[in-house]
Amino acid sequence: MKYTAIFAAVVAGAMFAGVASADQFLTKQNERNGISSPGDVVPNGGGASCGTAPAITSLPFSDSGTTVGAANTVGTLPAGCSNYTTVAGPDEIYLFTTGAGASVGVSLVPTTGTYDPAIYVLSTCGTASTCVVGADAGLAGGNETIAAQAFAPGTYGLYVDSFYSTAAGSGAYNLSVTGTLPVEVSDFHVE
C-alpha cells in the first residue's frame, strides 16, 4: 500500500511537470496558426496581401513593423482620398471590421528620419478606387494621422504605404489604432 501511494504521487507529479497550461498551449497554438489574441502585437507588421493581412479585432491596437522589402500592391488613390494620389512605395496591410456605432482613428509614427509614410483605408481591400480616407501630410520622419471617425459597417483594409518608390518610400514604423469596434455577442439567454 505504501509503495502504491508513493508510485501514484510520482506519476502524478511527472504528469503535471511536463504539461503546459491551457494559456501556454493556446498561445503557442495561435502562434503556429498565425492567430493573435485581442491586444496582442502582431509580429512582423502587416500582411503582404489582403489574404495575409492580420485582423485588428480589438482596440486599442498597436504594432511595429516595416515596409522594407514589401511589394507595392496599390499605386494610385482616387483624388480627394488623401493628400496625394500617388502611393508608389511598398505597403503593409491590416484589416478591421466595424459595426454600428464604431469609431476608428489611426496614427503612424516612422521610426527613422528618412521614411516618409502614407496611410489610407480602403472599403474593399485591394481595390484602390474604394479609398475612404487617407493621410500623407508629413514629410520624411513625420507622423501621419487619420482622426477618429465612424465607418459604415464592413471590413476595411488599412494600408501603411508611401508616396515615394525610392529609399524614402520604405522604413520601420509604429502603428496605433484607437476607437471602438463592434462587440461580438457569443451567447444570449432569455430567462
# chains A, B, ... in the order shown; residues from 1 in each chain; ligands from 1
call {"tool": "residues_around", "arguments": {"residues": "stretch 93-103 of chain A", "least_positions_apart": "6", "cutoff": "10 Å", "atoms": "only C-alpha atoms", "output": "PyMOL selection string"}}
result
chain A and resi 42+45-58+67+73+119-123+125-126+147-161+177-184
call {"tool": "write_last_selection", "arguments": {"atoms": "N, CA and C atoms", "output": "short mmCIF file (atom, residue, chain, number, x, y, z; two decimals), in the first residue's frame"}}
result
data_model
loop_
_atom_site.label_atom_id
_atom_site.label_comp_id
_atom_site.auth_asym_id
_atom_site.auth_seq_id
_atom_site.Cartn_x
_atom_site.Cartn_y
_atom_site.Cartn_z
N VAL A 42 0.92 42.11 -33.32
CA VAL A 42 1.10 41.20 -34.43
C VAL A 42 2.57 41.20 -34.83
N GLY A 45 4.70 43.21 -38.36
CA GLY A 45 3.89 44.19 -39.05
C GLY A 45 2.70 43.59 -39.77
N GLY A 46 2.22 44.32 -40.76
CA GLY A 46 1.03 43.92 -41.50
C GLY A 46 1.30 42.78 -42.46
N GLY A 47 0.32 42.52 -43.32
CA GLY A 47 0.42 41.45 -44.29
C GLY A 47 0.85 41.96 -45.65
N ALA A 48 1.33 41.04 -46.47
CA ALA A 48 1.78 41.38 -47.82
C ALA A 48 0.62 41.48 -48.80
N SER A 49 -0.54 40.92 -48.42
CA SER A 49 -1.72 40.94 -49.29
C SER A 49 -2.96 40.98 -48.40
N CYS A 50 -4.11 41.17 -49.02
CA CYS A 50 -5.35 41.17 -48.26
C CYS A 50 -5.58 39.80 -47.62
N GLY A 51 -5.14 38.75 -48.27
CA GLY A 51 -5.30 37.39 -47.75
C GLY A 51 -4.41 37.07 -46.57
N THR A 52 -3.30 37.78 -46.43
CA THR A 52 -2.37 37.51 -45.32
C THR A 52 -2.37 38.62 -44.28
N ALA A 53 -3.20 39.64 -44.48
CA ALA A 53 -3.24 40.78 -43.57
C ALA A 53 -3.81 40.36 -42.22
N PRO A 54 -3.15 40.74 -41.13
CA PRO A 54 -3.68 40.42 -39.80
C PRO A 54 -4.93 41.25 -39.51
N ALA A 55 -5.86 40.64 -38.79
CA ALA A 55 -7.08 41.33 -38.41
C ALA A 55 -6.90 42.04 -37.07
N ILE A 56 -7.30 43.28 -37.03
CA ILE A 56 -7.34 44.04 -35.79
C ILE A 56 -8.71 43.75 -35.18
N THR A 57 -8.73 43.03 -34.08
CA THR A 57 -10.00 42.57 -33.52
C THR A 57 -10.45 43.33 -32.28
N SER A 58 -9.56 44.09 -31.67
CA SER A 58 -9.94 44.89 -30.50
C SER A 58 -9.08 46.15 -30.46
N THR A 67 8.09 48.37 -43.91
CA THR A 67 7.70 48.15 -45.30
C THR A 67 8.92 47.78 -46.15
N THR A 73 1.42 47.08 -53.68
CA THR A 73 0.19 46.47 -54.19
C THR A 73 -0.84 47.50 -54.65
N ILE A 119 -0.76 56.71 -44.99
CA ILE A 119 -1.71 55.70 -44.53
C ILE A 119 -3.06 55.98 -45.19
N TYR A 120 -3.81 54.91 -45.46
CA TYR A 120 -5.14 55.08 -46.04
C TYR A 120 -5.98 53.84 -45.76
N VAL A 121 -7.29 54.02 -45.90
CA VAL A 121 -8.25 52.95 -45.62
C VAL A 121 -9.08 52.70 -46.87
N LEU A 122 -9.14 51.43 -47.30
CA LEU A 122 -9.95 51.03 -48.45
C LEU A 122 -11.16 50.23 -47.95
N SER A 123 -12.35 50.53 -48.47
CA SER A 123 -13.53 49.78 -48.04
C SER A 123 -13.56 48.39 -48.65
N CYS A 125 -10.60 45.81 -49.56
CA CYS A 125 -9.14 45.61 -49.53
C CYS A 125 -8.63 45.22 -50.92
N GLY A 126 -7.61 45.93 -51.39
CA GLY A 126 -7.01 45.64 -52.69
C GLY A 126 -7.58 46.46 -53.83
N ALA A 147 -7.93 61.06 -38.14
CA ALA A 147 -8.73 61.33 -36.95
C ALA A 147 -9.83 60.29 -36.79
N ALA A 148 -10.19 60.00 -35.54
CA ALA A 148 -11.25 59.03 -35.26
C ALA A 148 -12.53 59.44 -35.97
N GLN A 149 -13.14 58.46 -36.63
CA GLN A 149 -14.37 58.72 -37.36
C GLN A 149 -15.18 57.45 -37.47
N ALA A 150 -16.46 57.63 -37.77
CA ALA A 150 -17.35 56.49 -37.96
C ALA A 150 -17.15 55.93 -39.37
N PHE A 151 -17.12 54.63 -39.48
CA PHE A 151 -17.07 53.95 -40.76
C PHE A 151 -18.35 53.15 -40.92
N ALA A 152 -18.88 53.05 -42.13
CA ALA A 152 -20.05 52.21 -42.35
C ALA A 152 -19.70 50.77 -41.97
N PRO A 153 -20.66 49.98 -41.48
CA PRO A 153 -20.35 48.59 -41.13
C PRO A 153 -19.71 47.85 -42.30
N GLY A 154 -18.65 47.10 -42.01
CA GLY A 154 -17.95 46.34 -43.04
C GLY A 154 -16.51 46.07 -42.66
N THR A 155 -15.79 45.41 -43.53
CA THR A 155 -14.38 45.10 -43.32
C THR A 155 -13.54 45.99 -44.22
N TYR A 156 -12.53 46.60 -43.62
CA TYR A 156 -11.69 47.58 -44.31
C TYR A 156 -10.24 47.15 -44.34
N GLY A 157 -9.52 47.59 -45.37
CA GLY A 157 -8.08 47.40 -45.45
C GLY A 157 -7.38 48.67 -45.04
N LEU A 158 -6.52 48.60 -44.03
CA LEU A 158 -5.72 49.73 -43.58
C LEU A 158 -4.31 49.54 -44.14
N TYR A 159 -3.84 50.49 -44.92
CA TYR A 159 -2.55 50.39 -45.60
C TYR A 159 -1.52 51.34 -45.00
N VAL A 160 -0.31 50.82 -44.82
CA VAL A 160 0.86 51.63 -44.49
C VAL A 160 1.67 51.66 -45.79
N ASP A 161 1.89 52.84 -46.35
CA ASP A 161 2.46 52.96 -47.70
C ASP A 161 3.34 54.21 -47.75
N VAL A 177 -3.94 52.10 -33.47
CA VAL A 177 -5.32 52.22 -33.92
C VAL A 177 -6.18 52.30 -32.66
N THR A 178 -7.00 53.34 -32.59
CA THR A 178 -7.81 53.57 -31.40
C THR A 178 -9.28 53.69 -31.79
N GLY A 179 -10.14 53.70 -30.80
CA GLY A 179 -11.56 53.87 -31.04
C GLY A 179 -12.36 52.71 -30.47
N THR A 180 -13.47 52.40 -31.15
CA THR A 180 -14.33 51.29 -30.72
C THR A 180 -14.69 50.43 -31.92
N LEU A 181 -14.72 49.14 -31.71
CA LEU A 181 -15.17 48.19 -32.72
C LEU A 181 -16.41 47.51 -32.16
N PRO A 182 -17.17 46.83 -33.01
CA PRO A 182 -18.38 46.17 -32.50
C PRO A 182 -18.04 45.07 -31.50
N VAL A 183 -18.93 44.90 -30.53
CA VAL A 183 -18.78 43.83 -29.55
C VAL A 183 -19.43 42.59 -30.13
N GLU A 184 -18.71 41.48 -30.06
CA GLU A 184 -19.24 40.22 -30.59
C GLU A 184 -20.04 39.53 -29.50
#
call {"tool": "residues_around", "arguments": {"residues": "A:Asn174", "least_positions_apart": "3", "cutoff": "8 Å", "atoms": "only C-alpha atoms", "output": "MDAnalysis selection string"}}
result
chainID A and resid 62:65 108:111
call {"tool": "write_last_selection", "arguments": {"atoms": "N, CA and C atoms", "output": "PDB file, in the first residue's frame"}}
result
ATOM      1  N   SER A  62      -1.812  48.226 -31.154  1.00  0.00           N
ATOM      2  CA  SER A  62      -0.535  48.819 -31.546  1.00  0.00           C
ATOM      3  C   SER A  62       0.341  47.743 -32.149  1.00  0.00           C
ATOM      4  N   ASP A  63       1.208  48.168 -33.052  1.00  0.00           N
ATOM      5  CA  ASP A  63       2.097  47.241 -33.732  1.00  0.00           C
ATOM      6  C   ASP A  63       3.312  47.996 -34.239  1.00  0.00           C
ATOM      7  N   SER A  64       4.385  47.277 -34.386  1.00  0.00           N
ATOM      8  CA  SER A  64       5.597  47.802 -35.020  1.00  0.00           C
ATOM      9  C   SER A  64       5.890  46.932 -36.222  1.00  0.00           C
ATOM     10  N   GLY A  65       6.307  47.538 -37.293  1.00  0.00           N
ATOM     11  CA  GLY A  65       6.609  46.772 -38.498  1.00  0.00           C
ATOM     12  C   GLY A  65       7.523  47.550 -39.415  1.00  0.00           C
ATOM     13  N   LEU A 108       0.350  56.801 -37.265  1.00  0.00           N
ATOM     14  CA  LEU A 108       1.548  56.081 -37.682  1.00  0.00           C
ATOM     15  C   LEU A 108       2.765  56.973 -37.433  1.00  0.00           C
ATOM     16  N   VAL A 109       3.766  56.415 -36.774  1.00  0.00           N
ATOM     17  CA  VAL A 109       4.997  57.145 -36.473  1.00  0.00           C
ATOM     18  C   VAL A 109       6.160  56.388 -37.110  1.00  0.00           C
ATOM     19  N   PRO A 110       6.860  56.990 -38.085  1.00  0.00           N
ATOM     20  CA  PRO A 110       8.042  56.328 -38.634  1.00  0.00           C
ATOM     21  C   PRO A 110       9.152  56.325 -37.585  1.00  0.00           C
ATOM     22  N   THR A 111       9.932  55.270 -37.557  1.00  0.00           N
ATOM     23  CA  THR A 111      10.997  55.189 -36.545  1.00  0.00           C
ATOM     24  C   THR A 111      12.348  55.615 -37.093  1.00  0.00           C
TER      25      THR A 111
END
call {"tool": "closest_residue", "arguments": {"among": "A:Ser129, A:Ser107, A:Ser170, A:Ser176", "to": "A:Gly75", "atoms": "only C-alpha atoms"}}
result
A:Ser129
call {"tool": "closest_residue", "arguments": {"among": "A:Ala71, A:Leu59, A:Ala168, A:Val190", "to": "A:Glu92", "atoms": "only C-alpha atoms"}}
result
A:Ala71
call {"tool": "atom_distance", "arguments": {"atom1": "atom CA of A:Leu77", "atom2": "atom CA of A:Ala172"}}
result
22.4 Å
call {"tool": "closest_residue", "arguments": {"among": "A:Gly89, A:Pro78, A:Pro117, A:Gly134", "to": "A:Tyr173", "atoms": "only C-alpha atoms"}}
result
A:Pro117
call {"tool": "select_by_dssp", "arguments": {"residues": "stretch 62-164 of chain A", "states": "strand (DSSP E)", "output": "count of residues only"}}
result
47
call {"tool": "residues_around", "arguments": {"residues": "A:Ala88", "least_positions_apart": "3", "cutoff": "10 Å", "atoms": "only C-alpha atoms", "output": "ChimeraX atom specification"}}
result
/A:71-76,85,91,161-166,169
call {"tool": "atom_distance", "arguments": {"atom1": "atom CA of A:Gly171", "atom2": "atom CA of A:Pro60"}}
result
23.1 Å
call {"tool": "atom_distance", "arguments": {"atom1": "atom CA of A:Ala118", "atom2": "atom CA of A:Glu144"}}
result
6.6 Å
call {"tool": "decode", "arguments": {"residues": "stretch 31-154 of chain A", "atoms": "C-alpha atoms", "output": "mmCIF file, in the first residue's frame"}}
result
data_model
loop_
_atom_site.group_PDB
_atom_site.id
_atom_site.type_symbol
_atom_site.label_atom_id
_atom_site.label_comp_id
_atom_site.auth_asym_id
_atom_site.auth_seq_id
_atom_site.Cartn_x
_atom_site.Cartn_y
_atom_site.Cartn_z
ATOM 1 C CA GLU A 31 1.452 31.443 -32.912
ATOM 2 C CA ARG A 32 1.635 28.353 -35.122
ATOM 3 C CA ASN A 33 -1.626 29.287 -36.843
ATOM 4 C CA GLY A 34 -0.836 32.980 -37.169
ATOM 5 C CA ILE A 35 -3.740 33.984 -34.897
ATOM 6 C CA SER A 36 -3.416 36.815 -32.445
ATOM 7 C CA SER A 37 -5.458 37.336 -29.330
ATOM 8 C CA PRO A 38 -7.098 40.695 -28.580
ATOM 9 C CA GLY A 39 -4.445 43.173 -27.521
ATOM 10 C CA ASP A 40 -1.591 41.101 -28.945
ATOM 11 C CA VAL A 41 1.062 42.801 -31.021
ATOM 12 C CA VAL A 42 1.100 41.199 -34.430
ATOM 13 C CA PRO A 43 4.641 40.013 -35.230
ATOM 14 C CA ASN A 44 6.430 41.494 -38.249
ATOM 15 C CA GLY A 45 3.887 44.191 -39.052
ATOM 16 C CA GLY A 46 1.031 43.916 -41.505
ATOM 17 C CA GLY A 47 0.424 41.450 -44.294
ATOM 18 C CA ALA A 48 1.777 41.383 -47.816
ATOM 19 C CA SER A 49 -1.718 40.943 -49.285
ATOM 20 C CA CYS A 50 -5.355 41.167 -48.258
ATOM 21 C CA GLY A 51 -5.304 37.392 -47.746
ATOM 22 C CA THR A 52 -2.373 37.509 -45.319
ATOM 23 C CA ALA A 53 -3.242 40.780 -43.567
ATOM 24 C CA PRO A 54 -3.680 40.424 -39.799
ATOM 25 C CA ALA A 55 -7.084 41.330 -38.408
ATOM 26 C CA ILE A 56 -7.341 44.044 -35.787
ATOM 27 C CA THR A 57 -10.001 42.575 -33.516
ATOM 28 C CA SER A 58 -9.936 44.895 -30.503
ATOM 29 C CA LEU A 59 -8.935 48.445 -29.746
ATOM 30 C CA PRO A 60 -6.641 49.993 -28.763
ATOM 31 C CA PHE A 61 -4.235 48.150 -31.060
ATOM 32 C CA SER A 62 -0.535 48.819 -31.546
ATOM 33 C CA ASP A 63 2.097 47.241 -33.732
ATOM 34 C CA SER A 64 5.597 47.802 -35.020
ATOM 35 C CA GLY A 65 6.609 46.772 -38.498
ATOM 36 C CA THR A 66 8.498 47.703 -41.630
ATOM 37 C CA THR A 67 7.702 48.153 -45.296
ATOM 38 C CA VAL A 68 11.312 47.389 -46.281
ATOM 39 C CA GLY A 69 11.232 44.504 -48.744
ATOM 40 C CA ALA A 70 7.442 44.588 -49.135
ATOM 41 C CA ALA A 71 5.670 44.816 -52.503
ATOM 42 C CA ASN A 72 3.746 47.794 -53.857
ATOM 43 C CA THR A 73 0.188 46.475 -54.193
ATOM 44 C CA VAL A 74 -1.582 49.845 -54.633
ATOM 45 C CA GLY A 75 -0.048 52.578 -56.805
ATOM 46 C CA THR A 76 -2.704 55.268 -57.163
ATOM 47 C CA LEU A 77 -5.558 56.543 -54.979
ATOM 48 C CA PRO A 78 -8.596 58.456 -56.209
ATOM 49 C CA ALA A 79 -8.496 62.240 -55.927
ATOM 50 C CA GLY A 80 -9.780 63.545 -52.612
ATOM 51 C CA CYS A 81 -8.970 60.408 -50.622
ATOM 52 C CA SER A 82 -5.638 61.601 -49.270
ATOM 53 C CA ASN A 83 -3.209 64.480 -49.647
ATOM 54 C CA TYR A 84 -1.693 62.847 -52.775
ATOM 55 C CA THR A 85 -2.943 60.309 -55.303
ATOM 56 C CA THR A 86 0.430 58.568 -55.721
ATOM 57 C CA VAL A 87 1.338 55.713 -53.336
ATOM 58 C CA ALA A 88 4.294 54.145 -55.150
ATOM 59 C CA GLY A 89 6.055 52.716 -52.087
ATOM 60 C CA PRO A 90 5.907 49.192 -50.699
ATOM 61 C CA ASP A 91 2.923 48.628 -48.414
ATOM 62 C CA GLU A 92 1.806 46.593 -45.417
ATOM 63 C CA ILE A 93 -1.886 45.813 -44.873
ATOM 64 C CA TYR A 94 -4.089 45.337 -41.791
ATOM 65 C CA LEU A 95 -7.813 44.542 -41.675
ATOM 66 C CA PHE A 96 -10.500 45.788 -39.306
ATOM 67 C CA THR A 97 -14.250 45.232 -39.206
ATOM 68 C CA THR A 98 -16.690 47.859 -37.993
ATOM 69 C CA GLY A 99 -20.328 47.767 -36.968
ATOM 70 C CA ALA A 100 -22.951 50.307 -35.988
ATOM 71 C CA GLY A 101 -21.532 52.891 -33.609
ATOM 72 C CA ALA A 102 -17.900 52.006 -34.325
ATOM 73 C CA SER A 103 -15.284 54.753 -34.475
ATOM 74 C CA VAL A 104 -11.697 54.236 -35.618
ATOM 75 C CA GLY A 105 -8.643 56.517 -35.615
ATOM 76 C CA VAL A 106 -5.144 55.709 -36.889
ATOM 77 C CA SER A 107 -1.730 57.117 -36.063
ATOM 78 C CA LEU A 108 1.548 56.081 -37.682
ATOM 79 C CA VAL A 109 4.997 57.145 -36.473
ATOM 80 C CA PRO A 110 8.042 56.328 -38.634
ATOM 81 C CA THR A 111 10.997 55.189 -36.545
ATOM 82 C CA THR A 112 13.605 56.621 -38.912
ATOM 83 C CA GLY A 113 14.046 60.187 -40.074
ATOM 84 C CA THR A 114 14.224 59.171 -43.744
ATOM 85 C CA TYR A 115 10.923 57.246 -44.082
ATOM 86 C CA ASP A 116 8.018 59.342 -45.445
ATOM 87 C CA PRO A 117 4.901 57.197 -44.845
ATOM 88 C CA ALA A 118 1.316 57.473 -46.019
ATOM 89 C CA ILE A 119 -1.713 55.700 -44.531
ATOM 90 C CA TYR A 120 -5.143 55.080 -46.035
ATOM 91 C CA VAL A 121 -8.249 52.953 -45.623
ATOM 92 C CA LEU A 122 -9.954 51.028 -48.449
ATOM 93 C CA SER A 123 -13.529 49.783 -48.041
ATOM 94 C CA THR A 124 -12.641 46.839 -50.306
ATOM 95 C CA CYS A 125 -9.144 45.606 -49.531
ATOM 96 C CA GLY A 126 -7.012 45.641 -52.688
ATOM 97 C CA THR A 127 -9.301 47.997 -54.644
ATOM 98 C CA ALA A 128 -7.788 51.498 -54.645
ATOM 99 C CA SER A 129 -10.941 53.128 -56.039
ATOM 100 C CA THR A 130 -12.724 52.316 -52.740
ATOM 101 C CA CYS A 131 -10.464 54.598 -50.693
ATOM 102 C CA VAL A 132 -12.427 56.135 -47.821
ATOM 103 C CA VAL A 133 -9.802 58.309 -46.146
ATOM 104 C CA GLY A 134 -6.039 58.750 -46.105
ATOM 105 C CA ALA A 135 -3.242 60.874 -44.712
ATOM 106 C CA ASP A 136 0.059 61.927 -46.279
ATOM 107 C CA ALA A 137 0.683 65.356 -44.801
ATOM 108 C CA GLY A 138 4.027 64.843 -43.047
ATOM 109 C CA LEU A 139 7.476 64.877 -44.573
ATOM 110 C CA ALA A 140 10.264 62.340 -44.058
ATOM 111 C CA GLY A 141 10.254 61.260 -40.427
ATOM 112 C CA GLY A 142 6.848 62.878 -39.845
ATOM 113 C CA ASN A 143 3.792 61.250 -38.299
ATOM 114 C CA GLU A 144 0.567 60.540 -40.191
ATOM 115 C CA THR A 145 -2.857 60.620 -38.534
ATOM 116 C CA ILE A 146 -6.406 59.755 -39.530
ATOM 117 C CA ALA A 147 -8.730 61.333 -36.950
ATOM 118 C CA ALA A 148 -11.245 59.032 -35.258
ATOM 119 C CA GLN A 149 -14.371 58.725 -37.360
ATOM 120 C CA ALA A 150 -17.354 56.486 -37.962
ATOM 121 C CA PHE A 151 -17.065 53.954 -40.765
ATOM 122 C CA ALA A 152 -20.052 52.208 -42.352
ATOM 123 C CA PRO A 153 -20.350 48.590 -41.127
ATOM 124 C CA GLY A 154 -17.952 46.337 -43.037
#
